[in-house]
>>> print(open('model.cif').read())   # mmCIF, C-alpha atoms
data_coords
loop_
_atom_site.label_atom_id
_atom_site.label_comp_id
_atom_site.auth_asym_id
_atom_site.auth_seq_id
_atom_site.Cartn_x
_atom_site.Cartn_y
_atom_site.Cartn_z
CA MET C 1 -30.21 -91.81 143.95
CA GLU C 2 -30.69 -95.57 144.27
CA LYS C 3 -28.35 -98.17 145.77
CA LEU C 4 -28.01 -101.93 145.78
CA VAL C 5 -27.96 -103.63 149.17
CA ILE C 6 -26.42 -107.12 149.08
CA ASP C 7 -26.20 -109.76 151.80
CA GLY C 8 -23.38 -111.97 150.61
CA GLY C 9 -22.03 -115.42 151.28
CA ARG C 10 -24.63 -117.49 149.45
CA PRO C 11 -23.68 -119.61 146.39
CA LEU C 12 -25.64 -118.72 143.28
CA GLN C 13 -27.81 -121.59 142.06
CA GLY C 14 -30.20 -122.01 139.14
CA ALA C 15 -30.65 -121.12 135.49
CA VAL C 16 -30.96 -117.83 133.62
CA ARG C 17 -31.52 -116.95 129.97
CA ILE C 18 -29.11 -114.38 128.56
CA GLU C 19 -30.61 -111.16 127.22
CA GLY C 20 -29.79 -109.53 123.89
CA ALA C 21 -26.44 -107.78 123.52
CA LYS C 22 -26.48 -104.04 124.17
CA ASN C 23 -23.33 -103.60 122.11
CA ALA C 24 -25.03 -105.25 119.14
CA ALA C 25 -28.42 -103.57 119.55
CA LEU C 26 -27.10 -99.98 119.68
CA PRO C 27 -25.35 -99.88 116.27
CA ILE C 28 -28.24 -101.82 114.73
CA LEU C 29 -30.70 -99.23 116.03
CA ALA C 30 -28.47 -96.51 114.57
CA ALA C 31 -28.32 -98.36 111.23
CA SER C 32 -32.12 -98.31 111.02
CA VAL C 33 -31.75 -94.70 109.80
CA LEU C 34 -30.42 -96.09 106.51
CA ALA C 35 -33.66 -97.94 105.69
CA GLY C 36 -36.05 -94.99 105.53
CA GLY C 37 -38.92 -97.17 106.74
CA LYS C 38 -40.09 -99.47 109.55
CA VAL C 39 -37.51 -101.83 111.03
CA VAL C 40 -38.34 -104.46 113.66
CA ILE C 41 -35.53 -105.58 115.97
CA GLU C 42 -36.13 -108.47 118.38
CA ASN C 43 -34.28 -109.51 121.56
CA VAL C 44 -33.43 -105.90 122.46
CA PRO C 45 -32.47 -105.48 126.14
CA ASN C 46 -34.46 -102.99 128.20
CA LEU C 47 -31.54 -100.78 129.24
CA LEU C 48 -30.88 -97.10 129.91
CA ASP C 49 -28.55 -96.83 126.89
CA ILE C 50 -31.20 -98.37 124.63
CA HIS C 51 -33.75 -95.79 125.76
CA VAL C 52 -31.27 -92.97 125.18
CA MET C 53 -30.71 -94.22 121.62
CA LEU C 54 -34.48 -94.38 121.06
CA ASP C 55 -34.78 -90.83 122.43
CA ILE C 56 -32.14 -89.66 119.95
CA LEU C 57 -33.92 -91.35 117.05
CA ARG C 58 -37.19 -89.69 118.09
CA SER C 59 -35.43 -86.31 118.30
CA LEU C 60 -34.39 -86.80 114.67
CA GLY C 61 -38.02 -87.34 113.64
CA ALA C 62 -38.29 -91.14 113.79
CA ASP C 63 -41.07 -93.14 115.42
CA ALA C 64 -39.28 -95.42 117.88
CA SER C 65 -40.64 -97.68 120.60
CA LEU C 66 -39.62 -100.65 122.73
CA THR C 67 -42.31 -103.12 123.78
CA GLY C 68 -41.00 -106.02 125.79
CA ARG C 69 -37.92 -107.09 123.83
CA SER C 70 -39.15 -105.79 120.48
CA ALA C 71 -38.01 -102.42 119.12
CA VAL C 72 -39.90 -100.89 116.22
CA VAL C 73 -38.20 -97.96 114.49
CA ASP C 74 -39.70 -96.08 111.54
CA THR C 75 -37.15 -93.62 110.15
CA GLN C 76 -39.13 -92.55 107.08
CA ASN C 77 -39.81 -89.10 108.55
CA VAL C 78 -36.34 -88.37 109.93
CA ASN C 79 -35.89 -84.69 109.07
CA THR C 80 -32.63 -83.60 110.64
CA SER C 81 -29.08 -84.88 110.79
CA GLU C 82 -28.01 -82.92 113.87
CA ILE C 83 -27.92 -85.00 117.04
CA PRO C 84 -28.90 -82.91 120.10
CA GLU C 85 -25.95 -82.15 122.35
CA THR C 86 -27.95 -82.94 125.51
CA LEU C 87 -28.62 -86.48 124.30
CA MET C 88 -25.13 -87.12 122.90
CA SER C 89 -23.62 -86.20 126.25
CA ARG C 90 -25.58 -89.02 127.89
CA MET C 91 -24.12 -91.90 125.87
CA ARG C 92 -20.96 -92.49 123.87
CA SER C 93 -22.72 -94.96 121.56
CA SER C 94 -24.63 -92.04 120.04
CA ILE C 95 -21.54 -91.69 117.84
CA PHE C 96 -22.87 -94.67 115.84
CA LEU C 97 -25.39 -92.37 114.17
CA MET C 98 -22.67 -90.36 112.46
CA GLY C 99 -22.10 -92.85 109.62
CA PRO C 100 -25.75 -93.64 108.85
CA LEU C 101 -26.88 -89.97 108.93
CA LEU C 102 -24.01 -88.88 106.71
CA ALA C 103 -24.77 -91.68 104.25
CA ARG C 104 -28.47 -90.82 104.10
CA PHE C 105 -28.43 -87.01 104.22
CA GLY C 106 -24.96 -86.05 103.07
CA GLU C 107 -24.38 -84.15 106.30
CA VAL C 108 -24.27 -84.83 110.03
CA THR C 109 -23.58 -82.67 113.07
CA ILE C 110 -22.43 -84.25 116.31
CA TYR C 111 -21.12 -83.15 119.69
CA GLN C 112 -18.66 -84.81 122.03
CA PRO C 113 -20.25 -88.08 123.20
CA GLY C 114 -20.62 -89.08 126.83
CA GLY C 115 -20.32 -92.49 128.51
CA CYS C 116 -18.24 -94.13 131.23
CA ALA C 117 -15.04 -92.42 132.40
CA ILE C 118 -12.67 -95.32 131.66
CA GLY C 119 -9.92 -93.49 129.84
CA GLU C 120 -9.37 -91.48 126.69
CA ARG C 121 -11.54 -92.58 123.77
CA LYS C 122 -11.01 -90.23 120.84
CA ILE C 123 -13.14 -90.31 117.71
CA ASP C 124 -10.18 -89.72 115.39
CA LEU C 125 -10.47 -93.19 113.86
CA HIS C 126 -14.11 -92.49 112.95
CA LEU C 127 -13.32 -89.10 111.42
CA ASN C 128 -10.23 -90.23 109.54
CA GLY C 129 -12.20 -93.09 108.01
CA LEU C 130 -15.00 -90.76 106.92
CA LYS C 131 -12.44 -88.40 105.41
CA ALA C 132 -11.06 -91.34 103.42
CA LEU C 133 -14.59 -91.92 102.10
CA GLY C 134 -14.68 -88.33 100.87
CA ALA C 135 -16.31 -86.46 103.74
CA LEU C 136 -15.36 -82.88 104.54
CA VAL C 137 -14.93 -82.68 108.31
CA THR C 138 -15.09 -79.38 110.18
CA GLU C 139 -14.25 -79.43 113.89
CA THR C 140 -14.74 -76.82 116.59
CA GLU C 141 -14.14 -77.12 120.33
CA ASN C 142 -17.07 -79.47 120.99
CA LYS C 143 -18.81 -79.82 117.64
CA VAL C 144 -18.08 -81.80 114.47
CA VAL C 145 -19.78 -81.32 111.09
CA CYS C 146 -19.29 -83.90 108.32
CA GLN C 147 -20.45 -83.24 104.76
CA ALA C 148 -20.43 -85.26 101.52
CA LYS C 149 -22.92 -85.28 98.64
CA ARG C 150 -22.15 -88.95 98.18
CA LEU C 151 -19.40 -90.93 99.82
CA LYS C 152 -16.98 -92.86 97.63
CA GLY C 153 -15.45 -96.25 98.34
CA ALA C 154 -11.90 -96.31 99.66
CA ASP C 155 -9.25 -98.52 101.21
CA ILE C 156 -9.17 -97.73 104.94
CA VAL C 157 -6.55 -99.04 107.34
CA LEU C 158 -7.44 -98.54 111.01
CA ASP C 159 -4.55 -97.71 113.36
CA PHE C 160 -6.33 -99.76 116.02
CA PRO C 161 -9.10 -102.37 115.60
CA SER C 162 -11.76 -100.11 117.11
CA VAL C 163 -15.21 -101.65 117.32
CA GLY C 164 -17.00 -98.31 117.09
CA ALA C 165 -14.95 -97.05 114.16
CA THR C 166 -15.33 -100.34 112.29
CA GLU C 167 -19.11 -100.28 112.70
CA ASN C 168 -19.48 -96.59 111.88
CA LEU C 169 -17.46 -96.94 108.69
CA MET C 170 -19.41 -100.05 107.67
CA MET C 171 -22.66 -98.10 107.96
CA ALA C 172 -21.26 -95.08 106.15
CA ALA C 173 -19.92 -97.18 103.27
CA VAL C 174 -22.99 -99.30 102.48
CA THR C 175 -24.37 -96.72 100.03
CA ALA C 176 -21.02 -95.23 98.99
CA GLU C 177 -20.07 -95.31 95.34
CA GLY C 178 -17.75 -98.24 94.66
CA ILE C 179 -16.00 -100.67 96.99
CA THR C 180 -14.69 -99.98 100.47
CA THR C 181 -12.17 -102.15 102.28
CA ILE C 182 -11.59 -101.79 106.03
CA SER C 183 -8.28 -103.35 107.08
CA ASN C 184 -7.28 -104.05 110.68
CA ALA C 185 -11.01 -104.12 111.40
CA ALA C 186 -12.32 -105.17 114.80
CA ARG C 187 -13.52 -108.78 114.88
CA GLU C 188 -16.12 -108.76 117.66
CA PRO C 189 -19.31 -110.86 117.26
CA GLU C 190 -21.36 -107.65 117.43
CA ILE C 191 -19.76 -106.56 114.15
CA SER C 192 -20.84 -109.81 112.52
CA ASP C 193 -24.36 -109.19 113.80
CA LEU C 194 -24.35 -105.69 112.29
CA GLN C 195 -23.18 -107.13 108.96
CA LEU C 196 -26.06 -109.62 109.02
CA PHE C 197 -28.56 -106.83 109.73
CA LEU C 198 -27.21 -104.54 107.00
CA ASN C 199 -27.16 -107.38 104.46
CA ARG C 200 -30.76 -108.18 105.30
CA MET C 201 -31.55 -104.56 104.35
CA GLY C 202 -29.82 -105.08 101.00
CA ALA C 203 -26.20 -104.18 101.71
CA LYS C 204 -23.32 -106.16 100.22
CA ILE C 205 -20.79 -106.77 102.98
CA ILE C 206 -18.40 -109.67 103.55
CA GLY C 207 -15.61 -110.30 106.03
CA ALA C 208 -17.11 -109.34 109.41
CA GLY C 209 -15.41 -111.47 112.06
CA THR C 210 -12.08 -111.19 110.25
CA ASP C 211 -9.62 -108.30 110.11
CA THR C 212 -10.68 -107.29 106.59
CA ILE C 213 -14.22 -106.18 105.73
CA THR C 214 -15.29 -105.42 102.17
CA ILE C 215 -18.36 -103.34 101.35
CA GLU C 216 -19.78 -102.95 97.85
CA GLY C 217 -21.93 -99.83 97.80
CA VAL C 218 -25.60 -100.12 96.84
CA GLU C 219 -28.12 -97.45 95.80
CA ARG C 220 -30.56 -97.94 98.67
CA LEU C 221 -31.51 -100.14 101.60
CA SER C 222 -34.92 -101.48 102.61
CA PRO C 223 -36.49 -102.18 106.04
CA CYS C 224 -36.17 -105.66 107.52
CA GLU C 225 -36.58 -107.68 110.71
CA HIS C 226 -33.68 -108.89 112.81
CA ARG C 227 -32.92 -110.69 116.09
CA VAL C 228 -30.01 -109.46 118.20
CA ILE C 229 -27.36 -111.93 119.40
CA PRO C 230 -27.10 -112.76 123.13
CA ASP C 231 -24.92 -110.56 125.33
CA ARG C 232 -21.55 -112.26 125.84
CA ILE C 233 -20.54 -109.72 128.52
CA VAL C 234 -23.65 -110.40 130.62
CA ALA C 235 -22.98 -114.12 130.17
CA GLY C 236 -19.36 -113.66 131.21
CA THR C 237 -20.42 -111.64 134.25
CA LEU C 238 -22.68 -114.48 135.38
CA MET C 239 -19.94 -117.05 134.75
CA VAL C 240 -17.55 -115.12 136.99
CA ALA C 241 -20.26 -114.68 139.63
CA ALA C 242 -20.88 -118.44 139.71
CA GLY C 243 -17.16 -119.05 140.26
CA ALA C 244 -16.72 -116.29 142.85
CA THR C 245 -19.68 -117.44 144.96
CA ARG C 246 -18.81 -121.14 144.50
CA GLY C 247 -22.21 -121.68 142.95
CA SER C 248 -23.71 -123.66 140.09
CA VAL C 249 -25.38 -121.68 137.30
CA ALA C 250 -26.82 -122.76 133.94
CA LEU C 251 -26.70 -120.08 131.26
CA GLU C 252 -29.27 -120.56 128.51
CA GLY C 253 -29.34 -119.03 125.05
CA VAL C 254 -25.61 -118.32 124.85
CA VAL C 255 -23.14 -118.63 121.97
CA PRO C 256 -20.15 -120.41 123.57
CA ALA C 257 -17.92 -119.56 120.60
CA HIS C 258 -18.22 -115.87 121.58
CA LEU C 259 -16.76 -116.66 125.02
CA THR C 260 -13.75 -118.84 124.19
CA SER C 261 -11.16 -116.64 125.93
CA VAL C 262 -13.37 -116.23 128.99
CA ILE C 263 -13.99 -119.97 129.24
CA HIS C 264 -10.25 -120.58 129.02
CA ALA C 265 -9.43 -118.05 131.75
CA LEU C 266 -12.09 -119.37 134.12
CA ARG C 267 -11.01 -122.96 133.62
CA ARG C 268 -7.44 -121.92 134.46
CA ALA C 269 -8.89 -120.52 137.70
CA GLY C 270 -10.50 -123.88 138.49
CA VAL C 271 -14.07 -123.06 137.49
CA GLN C 272 -15.82 -126.03 135.87
CA ILE C 273 -17.66 -125.30 132.61
CA ALA C 274 -19.72 -127.81 130.64
CA ILE C 275 -21.12 -126.84 127.23
CA ASP C 276 -24.19 -128.32 125.56
CA ASP C 277 -25.16 -126.43 122.39
CA ASP C 278 -26.48 -123.02 123.62
CA ILE C 279 -26.37 -123.95 127.33
CA MET C 280 -23.36 -123.60 129.61
CA ASN C 281 -23.23 -125.04 133.12
CA VAL C 282 -20.76 -123.13 135.28
CA VAL C 283 -19.70 -124.50 138.68
CA GLY C 284 -17.33 -122.96 141.20
CA VAL C 285 -15.72 -125.80 143.13
CA GLY C 286 -13.86 -124.63 146.21
CA ARG C 287 -11.45 -121.72 146.28
CA PRO C 288 -10.38 -120.43 142.85
CA ARG C 289 -6.80 -120.92 141.64
CA ALA C 290 -4.55 -117.97 140.86
CA VAL C 291 -3.95 -117.26 137.17
CA GLU C 292 -0.40 -116.24 136.34
CA ARG C 293 -1.35 -113.64 133.72
CA ILE C 294 -4.44 -112.40 131.90
CA VAL C 295 -4.13 -109.67 129.28
CA THR C 296 -7.11 -107.75 127.95
CA SER C 297 -7.03 -107.15 124.23
CA PRO C 298 -9.44 -106.83 121.28
CA TYR C 299 -11.54 -109.87 120.40
CA PRO C 300 -10.95 -112.81 120.34
CA SER C 301 -8.65 -112.15 123.32
CA PHE C 302 -9.90 -111.61 126.87
CA PRO C 303 -12.37 -108.68 126.83
CA THR C 304 -11.67 -105.46 128.69
CA ASP C 305 -15.39 -105.41 129.58
CA LEU C 306 -14.83 -108.45 131.84
CA GLN C 307 -11.54 -107.36 133.39
CA ALA C 308 -13.11 -105.87 136.55
CA GLN C 309 -15.38 -108.87 137.10
CA MET C 310 -12.53 -111.34 136.65
CA MET C 311 -10.46 -109.37 139.15
CA VAL C 312 -13.05 -110.15 141.83
CA LEU C 313 -12.60 -113.88 141.24
CA LEU C 314 -8.81 -113.56 141.30
CA SER C 315 -8.97 -111.52 144.51
CA LEU C 316 -10.39 -114.66 146.15
CA ALA C 317 -7.94 -117.05 144.50
CA ASP C 318 -5.14 -119.01 146.16
CA GLY C 319 -1.95 -117.25 145.10
CA LEU C 320 -0.77 -114.28 143.04
CA SER C 321 -2.46 -113.33 139.75
CA VAL C 322 -1.59 -110.59 137.26
CA MET C 323 -4.16 -108.70 135.17
CA LYS C 324 -2.84 -106.46 132.42
CA GLU C 325 -5.17 -103.89 130.82
CA THR C 326 -4.15 -102.86 127.29
CA VAL C 327 -7.37 -101.32 125.93
CA PHE C 328 -8.32 -98.48 128.31
CA GLU C 329 -5.80 -96.75 130.55
CA GLY C 330 -8.39 -95.64 133.11
CA ARG C 331 -9.99 -98.95 133.90
CA PHE C 332 -8.62 -99.82 137.34
CA LYS C 333 -10.82 -97.49 139.39
CA HIS C 334 -12.60 -100.47 140.92
CA VAL C 335 -9.34 -101.56 142.60
CA HIS C 336 -9.78 -99.01 145.39
CA GLU C 337 -13.36 -100.16 146.01
CA LEU C 338 -12.35 -103.83 146.12
CA SER C 339 -9.56 -102.95 148.54
CA VAL C 340 -12.16 -101.43 150.85
CA MET C 341 -13.75 -104.90 150.88
CA GLY C 342 -10.46 -106.54 151.85
CA ALA C 343 -8.90 -107.35 148.48
CA ASP C 344 -5.09 -107.23 148.24
CA ILE C 345 -4.37 -105.55 144.89
CA ARG C 346 -1.42 -103.42 143.79
CA VAL C 347 -1.51 -101.43 140.55
CA ASP C 348 1.61 -100.58 138.57
CA PHE C 349 0.81 -98.55 135.45
CA ASN C 350 -1.46 -100.86 133.39
CA SER C 351 -0.99 -104.04 135.42
CA ALA C 352 -2.74 -105.17 138.59
CA PHE C 353 -1.03 -107.64 140.91
CA ILE C 354 -3.71 -109.52 142.83
CA ARG C 355 -2.79 -111.56 145.88
CA GLY C 356 -5.82 -113.65 146.74
CA VAL C 357 -7.43 -113.47 150.18
CA PRO C 358 -9.64 -116.12 151.80
CA ARG C 359 -12.68 -113.85 151.84
CA LEU C 360 -14.00 -110.37 151.10
CA TYR C 361 -16.06 -108.35 153.58
CA GLY C 362 -19.15 -106.26 153.02
CA ALA C 363 -18.68 -102.50 152.77
CA THR C 364 -20.16 -99.38 151.19
CA VAL C 365 -18.59 -98.96 147.75
CA GLU C 366 -19.18 -96.88 144.62
CA ALA C 367 -19.68 -98.01 141.03
CA THR C 368 -17.26 -95.83 139.04
CA ASP C 369 -18.38 -97.20 135.66
CA LEU C 370 -20.60 -99.86 134.15
CA ARG C 371 -18.35 -102.93 134.41
CA ALA C 372 -16.76 -101.82 137.68
CA GLY C 373 -20.28 -101.68 139.09
CA ALA C 374 -21.00 -105.25 137.97
CA ALA C 375 -17.74 -106.35 139.58
CA LEU C 376 -18.72 -104.78 142.90
CA VAL C 377 -22.07 -106.57 142.79
CA ILE C 378 -20.23 -109.88 142.32
CA ALA C 379 -17.90 -108.98 145.18
CA GLY C 380 -20.90 -108.22 147.38
CA LEU C 381 -22.54 -111.53 146.53
CA ALA C 382 -19.34 -113.40 147.42
CA ALA C 383 -18.45 -111.34 150.51
CA THR C 384 -19.15 -111.97 154.16
CA GLY C 385 -21.70 -109.48 155.47
CA ARG C 386 -23.61 -106.65 153.84
CA THR C 387 -22.45 -104.57 150.88
CA VAL C 388 -24.01 -101.32 149.66
CA VAL C 389 -23.19 -100.34 146.07
CA GLU C 390 -23.76 -96.68 145.22
CA GLN C 391 -23.95 -94.84 141.87
CA ILE C 392 -25.74 -97.80 140.29
CA HIS C 393 -27.02 -95.75 137.36
CA HIS C 394 -23.78 -96.85 135.69
CA ILE C 395 -24.81 -100.51 136.07
CA ASP C 396 -28.23 -99.84 134.55
CA ARG C 397 -26.53 -98.84 131.31
CA GLY C 398 -25.56 -102.43 130.60
CA TYR C 399 -27.55 -104.82 132.81
CA GLU C 400 -31.28 -105.17 132.73
CA SER C 401 -32.34 -105.06 136.40
CA ILE C 402 -29.18 -106.73 137.67
CA GLU C 403 -30.78 -107.32 141.07
CA THR C 404 -33.63 -109.31 139.51
CA MET C 405 -31.16 -111.41 137.51
CA PHE C 406 -29.19 -112.35 140.60
CA ARG C 407 -32.25 -112.87 142.79
CA ARG C 408 -33.40 -115.53 140.32
CA LEU C 409 -30.22 -117.36 141.22
CA GLY C 410 -30.75 -117.03 144.96
CA GLY C 411 -28.73 -113.86 145.53
CA ARG C 412 -29.89 -111.64 148.38
CA ILE C 413 -29.86 -108.28 146.66
CA GLU C 414 -32.29 -105.38 146.72
CA ARG C 415 -32.52 -101.99 145.03
CA THR C 416 -33.44 -99.21 147.38
CA SER C 417 -33.30 -95.44 147.84
CA ASN C 418 -30.45 -93.70 149.64
CA VAL C 419 -32.51 -93.04 152.76
CA LEU C 420 -33.62 -96.65 153.15
CA ALA C 421 -30.19 -98.05 152.29
CA ASP C 422 -28.53 -95.83 154.90
CA ARG C 423 -31.11 -96.94 157.48
CA ILE C 424 -30.45 -100.60 156.70
CA ALA C 425 -26.67 -100.19 156.82
CA SER C 426 -26.79 -98.26 160.12
CA SER C 427 -28.89 -101.00 161.73
CA MET C 428 -26.15 -103.60 161.24
#
>>> encode(input="model.cif", output="structure tokens")
Amino acid sequence: MEKLVIDGGRPLQGAVRIEGAKNAALPILAASVLAGGKVVIENVPNLLDIHVMLDILRSLGADASLTGRSAVVDTQNVNTSEIPETLMSRMRSSIFLMGPLLARFGEVTIYQPGGCAIGERKIDLHLNGLKALGALVTETENKVVCQAKRLKGADIVLDFPSVGATENLMMAAVTAEGITTISNAAREPEISDLQLFLNRMGAKIIGAGTDTITIEGVERLSPCEHRVIPDRIVAGTLMVAAGATRGSVALEGVVPAHLTSVIHALRRAGVQIAIDDDIMNVVGVGRPRAVERIVTSPYPSFPTDLQAQMMVLLSLADGLSVMKETVFEGRFKHVHELSVMGADIRVDFNSAFIRGVPRLYGATVEATDLRAGAALVIAGLAATGRTVVEQIHHIDRGYESIETMFRRLGGRIERTSNVLADRIASSM
């Protein structure tokens, strides 16, 4: 297993261009099944999750490749609608294929998806929505079979604005007979990007970005080309890192409107942010200020995917901050790791009370999930001394060579094997 070795205490400086959004690229790759031909998707990040999705598409009979940032997927010869259990267990986002496969073949077989252990994430919303569209759903202990000769439009009200369920139901409904309305839909920018992609293939969808999405079913879709939006979570991670290390970082190719809540929270913490079209200059001036209360919630509120990173900044702030997590109940596992580095954090149910300390100290810590891992990297960059982050395969699911990204900004960070990392740490 590999580790990241970080020598902290150096302000990040420089400019970096933001890669394409993983959370937009994955459902778009899944939606390519609907076209029955060759789809070209640009600005695709080179990530572990992307390669797992391409492996799944190939297992279904598609030709799928990623060259540089360009993914080419030809689904004309897809010949099965059963997703292999071994591949589904590697990535939760494999669930996105349920809607497209059901729409195209009238049947789909899935197994329990994998992913980060950040709390309970049932697929009931997906299944209930498909049932509303007319699918017959048969469930066993770890297997789900959905069947429908042709789905029929319906009015669907989601109990929670789930991003995954919203996207899955959009893809299932594009060729359904009649009109489908999804109420209490998630509003994330990635959903708007999926709508744009599907409409380019010939779908008739309006409303993405609001809480009501309307889909008028069409007979068939055709291949197209599409460019994925920039990754707002990667951008937010870098913004927090600039503030935590008291650096000055220019983010290029961003959509500031996708980061409104993050910009607001960072400015409350004293981080300076200047916006010029698709460029944001982020400067950490002195010690951060405590923020009385930040609550994670579905978009456009503060994203749960930046909660762990923001906690690092607040752990260095002057005063007491409160972070409340309302999306996933198991997303405070990084608190123990930050405490090992000297952070003063107390957790009470779904709230973390963070009393800022003047500095963090290097230590050996473990990435418990994707975003927790990114937070620990930020902590290591800001800390005094050397930090070793283990279990970094989680980080690779959402950040394209995170060490290269931070080295471009002057961070002293290296990826190494266990043996070499242990040797380095023991020599300190």
>>> atom_distance(input="model.cif", atom1="CA of Tyr399 in chain C", atom2="CA of Tyr361 in chain C")
24.0 Å
>>> closest_atom_pairs(input="model.cif", of="range 69-135 of chain C", to="range 195-217 of chain C", cutoff="12 Å", atoms="all atoms listed in the file", output="tab-separated table")
residue	atom	partner	partner_atom	distance
C:Pro100	CA	C:Leu198	CA	11.2
C:Ala103	CA	C:Gly217	CA	10.8
C:Leu133	CA	C:Gly217	CA	11.6
>>> atom_distance(input="model.cif", atom1="CA of Leu47 in chain C", atom2="CA of Leu370 in chain C")
12.0 Å
>>> atom_distance(input="model.cif", atom1="CA of Met341 in chain C", atom2="CA of Leu48 in chain C")
28.2 Å
>>> resolve_selection(input="model.cif", expression="the PyMOL selection byres ((chain C and resi 288-293) around 12)", output="short mmCIF file (atom, residue, chain, number, x, y, z; two decimals) with C-alpha atoms, keeping the file's coordinate frame")
data_model
loop_
_atom_site.label_atom_id
_atom_site.label_comp_id
_atom_site.auth_asym_id
_atom_site.auth_seq_id
_atom_site.Cartn_x
_atom_site.Cartn_y
_atom_site.Cartn_z
CA VAL C 240 -17.55 -115.12 136.99
CA ALA C 241 -20.26 -114.68 139.63
CA ALA C 242 -20.88 -118.44 139.71
CA GLY C 243 -17.16 -119.05 140.26
CA ALA C 244 -16.72 -116.29 142.85
CA THR C 245 -19.68 -117.44 144.96
CA ARG C 246 -18.81 -121.14 144.50
CA GLY C 247 -22.21 -121.68 142.95
CA HIS C 264 -10.25 -120.58 129.02
CA ALA C 265 -9.43 -118.05 131.75
CA LEU C 266 -12.09 -119.37 134.12
CA ARG C 267 -11.01 -122.96 133.62
CA ARG C 268 -7.44 -121.92 134.46
CA ALA C 269 -8.89 -120.52 137.70
CA GLY C 270 -10.50 -123.88 138.49
CA VAL C 271 -14.07 -123.06 137.49
CA GLN C 272 -15.82 -126.03 135.87
CA VAL C 283 -19.70 -124.50 138.68
CA GLY C 284 -17.33 -122.96 141.20
CA VAL C 285 -15.72 -125.80 143.13
CA GLY C 286 -13.86 -124.63 146.21
CA ARG C 287 -11.45 -121.72 146.28
CA ILE C 294 -4.44 -112.40 131.90
CA VAL C 295 -4.13 -109.67 129.28
CA THR C 296 -7.11 -107.75 127.95
CA PHE C 302 -9.90 -111.61 126.87
CA GLN C 307 -11.54 -107.36 133.39
CA MET C 310 -12.53 -111.34 136.65
CA MET C 311 -10.46 -109.37 139.15
CA VAL C 312 -13.05 -110.15 141.83
CA LEU C 313 -12.60 -113.88 141.24
CA LEU C 314 -8.81 -113.56 141.30
CA SER C 315 -8.97 -111.52 144.51
CA LEU C 316 -10.39 -114.66 146.15
CA ALA C 317 -7.94 -117.05 144.50
CA ASP C 318 -5.14 -119.01 146.16
CA GLY C 319 -1.95 -117.25 145.10
CA LEU C 320 -0.77 -114.28 143.04
CA SER C 321 -2.46 -113.33 139.75
CA VAL C 322 -1.59 -110.59 137.26
CA MET C 323 -4.16 -108.70 135.17
CA LYS C 324 -2.84 -106.46 132.42
CA GLU C 325 -5.17 -103.89 130.82
CA SER C 351 -0.99 -104.04 135.42
CA ALA C 352 -2.74 -105.17 138.59
CA PHE C 353 -1.03 -107.64 140.91
CA ILE C 354 -3.71 -109.52 142.83
CA ARG C 355 -2.79 -111.56 145.88
CA GLY C 356 -5.82 -113.65 146.74
CA VAL C 357 -7.43 -113.47 150.18
CA PRO C 358 -9.64 -116.12 151.80
CA ARG C 359 -12.68 -113.85 151.84
#
>>> resolve_selection(input="model.cif", expression="the PyMOL selection byres ((chain C and resi 152-169) around 9)", output="NGL selection string")
:C and (27 or 93 or 95-100 or 123-130 or 132-135 or 150-151 or 170-188 or 190-191 or 194-195 or 211 or 213 or 215-217 or 298)
>>> closest_residue(input="model.cif", among="C:Thr387, C:Lys122, C:Ile110, C:Ala15", to="Lys143 in chain C", atoms="all atoms listed in the file")
C:Ile110
>>> residues_around(input="model.cif", residues="range 56-73 of chain C", least_positions_apart="5", cutoff="9 Å", atoms="all atoms listed in the file", output="short mmCIF file (atom, residue, chain, number, x, y, z; two decimals) with C-alpha atoms, keeping the file's coordinate frame")
data_model
loop_
_atom_site.label_atom_id
_atom_site.label_comp_id
_atom_site.auth_asym_id
_atom_site.auth_seq_id
_atom_site.Cartn_x
_atom_site.Cartn_y
_atom_site.Cartn_z
CA GLY C 20 -29.79 -109.53 123.89
CA LEU C 29 -30.70 -99.23 116.03
CA ALA C 30 -28.47 -96.51 114.57
CA SER C 32 -32.12 -98.31 111.02
CA VAL C 33 -31.75 -94.70 109.80
CA GLY C 37 -38.92 -97.17 106.74
CA LYS C 38 -40.09 -99.47 109.55
CA VAL C 39 -37.51 -101.83 111.03
CA VAL C 40 -38.34 -104.46 113.66
CA ILE C 41 -35.53 -105.58 115.97
CA GLU C 42 -36.13 -108.47 118.38
CA ASN C 43 -34.28 -109.51 121.56
CA VAL C 44 -33.43 -105.90 122.46
CA PRO C 45 -32.47 -105.48 126.14
CA ASN C 46 -34.46 -102.99 128.20
CA ILE C 50 -31.20 -98.37 124.63
CA HIS C 51 -33.75 -95.79 125.76
CA VAL C 78 -36.34 -88.37 109.93
CA ASN C 79 -35.89 -84.69 109.07
CA THR C 80 -32.63 -83.60 110.64
CA SER C 81 -29.08 -84.88 110.79
CA GLU C 82 -28.01 -82.92 113.87
CA ILE C 83 -27.92 -85.00 117.04
CA PRO C 84 -28.90 -82.91 120.10
CA LEU C 87 -28.62 -86.48 124.30
CA MET C 88 -25.13 -87.12 122.90
CA SER C 94 -24.63 -92.04 120.04
#
>>> residues_near_point(input="model.cif", point="(-28.3, -110.6, 134.5)", cutoff="9 Å", atoms="all atoms listed in the file", output="ChimeraX atom specification")
/C:16-19,234-235,237-238,399-406
>>> closest_residue(input="model.cif", among="C:Gly380, C:Pro223, C:Gly398, C:Gly385", to="Gly411 in chain C", atoms="only C-alpha atoms")
C:Gly380
>>> resolve_selection(input="model.cif", expression="the PyMOL selection byres ((chain C and resi 384) around 7)", output="list in words")
Gly8, Gly9, Leu360, Tyr361, Gly362, Ala382, Ala383, Gly385 and Arg386 of chain C
